[in-house]
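Below is one structure, written out as structure tokens; comments come after it.
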Amino acid sequence: MALPFSNTAGRTLERLRNAFIETARGAREVVGAPLRPDMPDDDIPRLKSRVDACLEGKGGETARRARAAELGQAYLSLSPAGRKKFLLTLAHDYGLPRDAAMAKVDAWRTSKAPPRALANALEPPAVRLMREFVGVPQGVKFVVDLRAELLALGKSDAAARALSDDLRPLLGAWFDVAFLDLVRIDWRAPAALLEKLVAYEAVHAIRSWRDLKNRLDSDRRCFAFFHPRMPEEPLIFVEVALVDGLAGSVQRLLDSKAETSDPGRANTAIFYSISNCQQGLAGISFGNFLIKRVAERLANEMPNLKTFATLSPIPGLRSYIDRRLKDEGDAAMTQNEIGSLVPVISEAHGAAAVRKLLDRPNWWTVPAVDKALHPILTRLAATYLTSIDDRGRALDRVAHFHLGNGAIVERLNWLGDTSTNGLKQAYGMMVNYRYKLSDVDANHEAYASGKVVASREVRGEAKS
């Protein structure tokens, strides 16, 4: 049964509108006629007068909040075309282009103003405007959502891209991990929050209420970071399975028909899904803190847990394998690997044979094909996960995330994810990254110096 989460975004938008309407009442006498939904060009001077009024900051705190709320309400009342014009006006007319920034630097040099004055002068007016929303109910969420739209516009507009970049330090300060609350989410959570878990799940889609209930059962855990000013909106959440030993198949892990196990007898916590929830916070990392905080909490609450690891996708693996087989041909394989393919396929040889076998529908279900491809793809996968690029970073973005957090590449899992997406990303392979709490700092430092820390097993597979 499909879950009815399609109204989640609509309810969030309505909550923003209502909060701004209530706060903006005191500004009615000064704002003039409302902006029209598509904001035609002759509405832009009226928009700019409202922005200017907010930036002037006249009156007390109540008046300032009312003006900011009215401006936010006006934005939320616009059509998509009107919002685009609103944001482009902010980006182009209230940003800080290089020439203007240099002029401010030159003016500061000839003055006796302290360094702080220069820092204030170099803050774009649009960023200063965003600060006005921090005191408005739902204002922090409004700024986060506004940046999400700027990020989308920034793909084709340099000024919008610059403004989204300028907002990143502001949001980074607002969402410092020290301000965040770690909350466990279980089946008793409000339905609206459970719907958001479904909507925001980015790794393994939640397909039914039964699936969701299984992920929140007694042998599972779900934790999320929340900001005090956005108590109804998770920022990022992680799903954990409490099991015996390392998990190697996500299909078995997520089987909603499987019997619930006793969490008191589990010795391993498997982090199998981490999902960011707020697009507007792109570039602000919470995941590393979340995993460590959850691991420490579980270790304190459940002393029986001895191992903390992930069951992770390898999103760049398939393209890496395909590229090596295409560019290097038989040189990408050992002679033993080439010989092992002869009894399996006669119409092709070496790398060409591997590519033909992988093109066959459901190739992994044929025992002979599975047996022949297993060592070849495993070796290439181990090489991929233990290699670095010219910047000293892991080739795979998920590997970079976990290695940077202090994990090690623990184990490769053949056919760990046979879903359509798992096969598309990595020919079905998954990997366990292990977090040994006493070693994470040393592992982090090793990775920072350009070394991928991996288990003896994975190192051996890369050399085989």
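Naming scheme: A, B, ... for chains in displayed order of the structure tokens; residues 1 onward per chain; ligands 1 onward as shown.
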
Got a sec to tell me which of stretch 162-311 of chain A DSSP assigns to alpha helix (DSSP H), as a PDB file with C-alpha atoms, in the first residue's frame?
ATOM      1  CA  ALA A 162      26.904  33.396  -5.523  1.00  0.00           C
ATOM      2  CA  LEU A 163      24.082  34.293  -3.140  1.00  0.00           C
ATOM      3  CA  SER A 164      23.485  30.631  -2.253  1.00  0.00           C
ATOM      4  CA  ASP A 165      27.217  30.367  -1.502  1.00  0.00           C
ATOM      5  CA  ASP A 166      27.077  33.543   0.586  1.00  0.00           C
ATOM      6  CA  LEU A 167      24.241  32.065   2.663  1.00  0.00           C
ATOM      7  CA  ARG A 168      26.179  28.923   3.490  1.00  0.00           C
ATOM      8  CA  PRO A 169      28.289  30.450   6.329  1.00  0.00           C
ATOM      9  CA  LEU A 170      25.180  32.004   7.865  1.00  0.00           C
ATOM     10  CA  LEU A 171      23.322  28.701   7.865  1.00  0.00           C
ATOM     11  CA  GLY A 172      26.458  26.904   9.018  1.00  0.00           C
ATOM     12  CA  ALA A 173      26.480  29.124  12.105  1.00  0.00           C
ATOM     13  CA  TRP A 174      22.751  28.715  12.704  1.00  0.00           C
ATOM     14  CA  ALA A 191       2.047  10.747  11.843  1.00  0.00           C
ATOM     15  CA  ALA A 192       3.269  13.949  10.178  1.00  0.00           C
ATOM     16  CA  LEU A 193       6.843  13.142  11.221  1.00  0.00           C
ATOM     17  CA  LEU A 194       6.556   9.535  10.049  1.00  0.00           C
ATOM     18  CA  GLU A 195       5.346  10.799   6.675  1.00  0.00           C
ATOM     19  CA  LYS A 196       8.451  12.958   6.446  1.00  0.00           C
ATOM     20  CA  LEU A 197      10.677   9.924   7.019  1.00  0.00           C
ATOM     21  CA  VAL A 198       9.025   8.350   4.008  1.00  0.00           C
ATOM     22  CA  ALA A 199       9.312  11.480   1.897  1.00  0.00           C
ATOM     23  CA  TYR A 200      12.943  12.174   2.787  1.00  0.00           C
ATOM     24  CA  TRP A 209       3.262   1.283   6.285  1.00  0.00           C
ATOM     25  CA  ARG A 210       4.421  -2.257   7.010  1.00  0.00           C
ATOM     26  CA  ASP A 211       7.868  -1.424   5.662  1.00  0.00           C
ATOM     27  CA  LEU A 212       8.005   1.722   7.785  1.00  0.00           C
ATOM     28  CA  LYS A 213       6.851  -0.120  10.920  1.00  0.00           C
ATOM     29  CA  ASN A 214       9.533  -2.758  10.344  1.00  0.00           C
ATOM     30  CA  ARG A 215      12.221  -0.060  10.240  1.00  0.00           C
ATOM     31  CA  VAL A 250      20.070  -5.122   2.255  1.00  0.00           C
ATOM     32  CA  GLN A 251      17.149  -7.187   0.942  1.00  0.00           C
ATOM     33  CA  ARG A 252      17.384  -9.535   3.938  1.00  0.00           C
ATOM     34  CA  LEU A 253      17.922  -6.610   6.278  1.00  0.00           C
ATOM     35  CA  GLY A 287      26.291  13.058   8.893  1.00  0.00           C
ATOM     36  CA  ASN A 288      29.699  12.618  10.498  1.00  0.00           C
ATOM     37  CA  PHE A 289      28.467  13.986  13.825  1.00  0.00           C
ATOM     38  CA  LEU A 290      25.229  12.003  13.601  1.00  0.00           C
ATOM     39  CA  ILE A 291      26.918   8.619  13.165  1.00  0.00           C
ATOM     40  CA  LYS A 292      29.365   9.209  16.004  1.00  0.00           C
ATOM     41  CA  ARG A 293      26.680  10.529  18.357  1.00  0.00           C
ATOM     42  CA  VAL A 294      24.374   7.593  17.608  1.00  0.00           C
ATOM     43  CA  ALA A 295      27.192   5.056  18.005  1.00  0.00           C
ATOM     44  CA  GLU A 296      28.164   6.546  21.363  1.00  0.00           C
ATOM     45  CA  ARG A 297      24.554   6.592  22.539  1.00  0.00           C
ATOM     46  CA  LEU A 298      23.933   2.995  21.502  1.00  0.00           C
ATOM     47  CA  ALA A 299      27.187   1.887  23.130  1.00  0.00           C
ATOM     48  CA  ASN A 300      26.084   3.467  26.421  1.00  0.00           C
ATOM     49  CA  GLU A 301      22.535   2.137  26.256  1.00  0.00           C
TER      50      GLU A 301
END

Atom CA of A:Pro190 to atom CA of A:Asn276: how many Å, to one decimal?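 Taking atom CA of A:Pro190 and atom CA of A:Asn276, their separation equals 19.7 Å.
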
So which one's closest to A:Ser464, A:Thr420, A:Thr383, A:Gln73, A:Ser111? Using only C-alpha atoms, please.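 That would be A:Thr383, the residue with the smallest distance to A:Ser464.
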
Using only C-alpha atoms, the best pick from A:Leu96, A:Ala462, A:Ala407, A:Cys54 as closest to A:Asp441 would be A:Ala407

Please run DSSP on the backbone and report, as a VMD selection string, all residues within stretch 61-245 of chain A that come out as strand (DSSP E or B). chain A and resid 181 to 184 220 to 227 230 236 to 243

Using only C-alpha atoms, which of the listed residues (A:Arg221, A:Arg456, A:Lys48, A:Arg188) sits closest to A:Thr89?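 Among A:Arg221, A:Arg456, A:Lys48, A:Arg188, it is A:Lys48 that comes nearest to A:Thr89.
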
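Each of A:Met302, A:Leu71, A:Ile284, A:Val366 was compared to A:Ala266 using only C-alpha atoms, and A:Met302 turns out to be the nearest.
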
Which one of A:Val203, A:Leu88, A:Leu423, A:Ala372 sits closest to A:Leu151 if you count only C-alpha atoms? A:Leu88
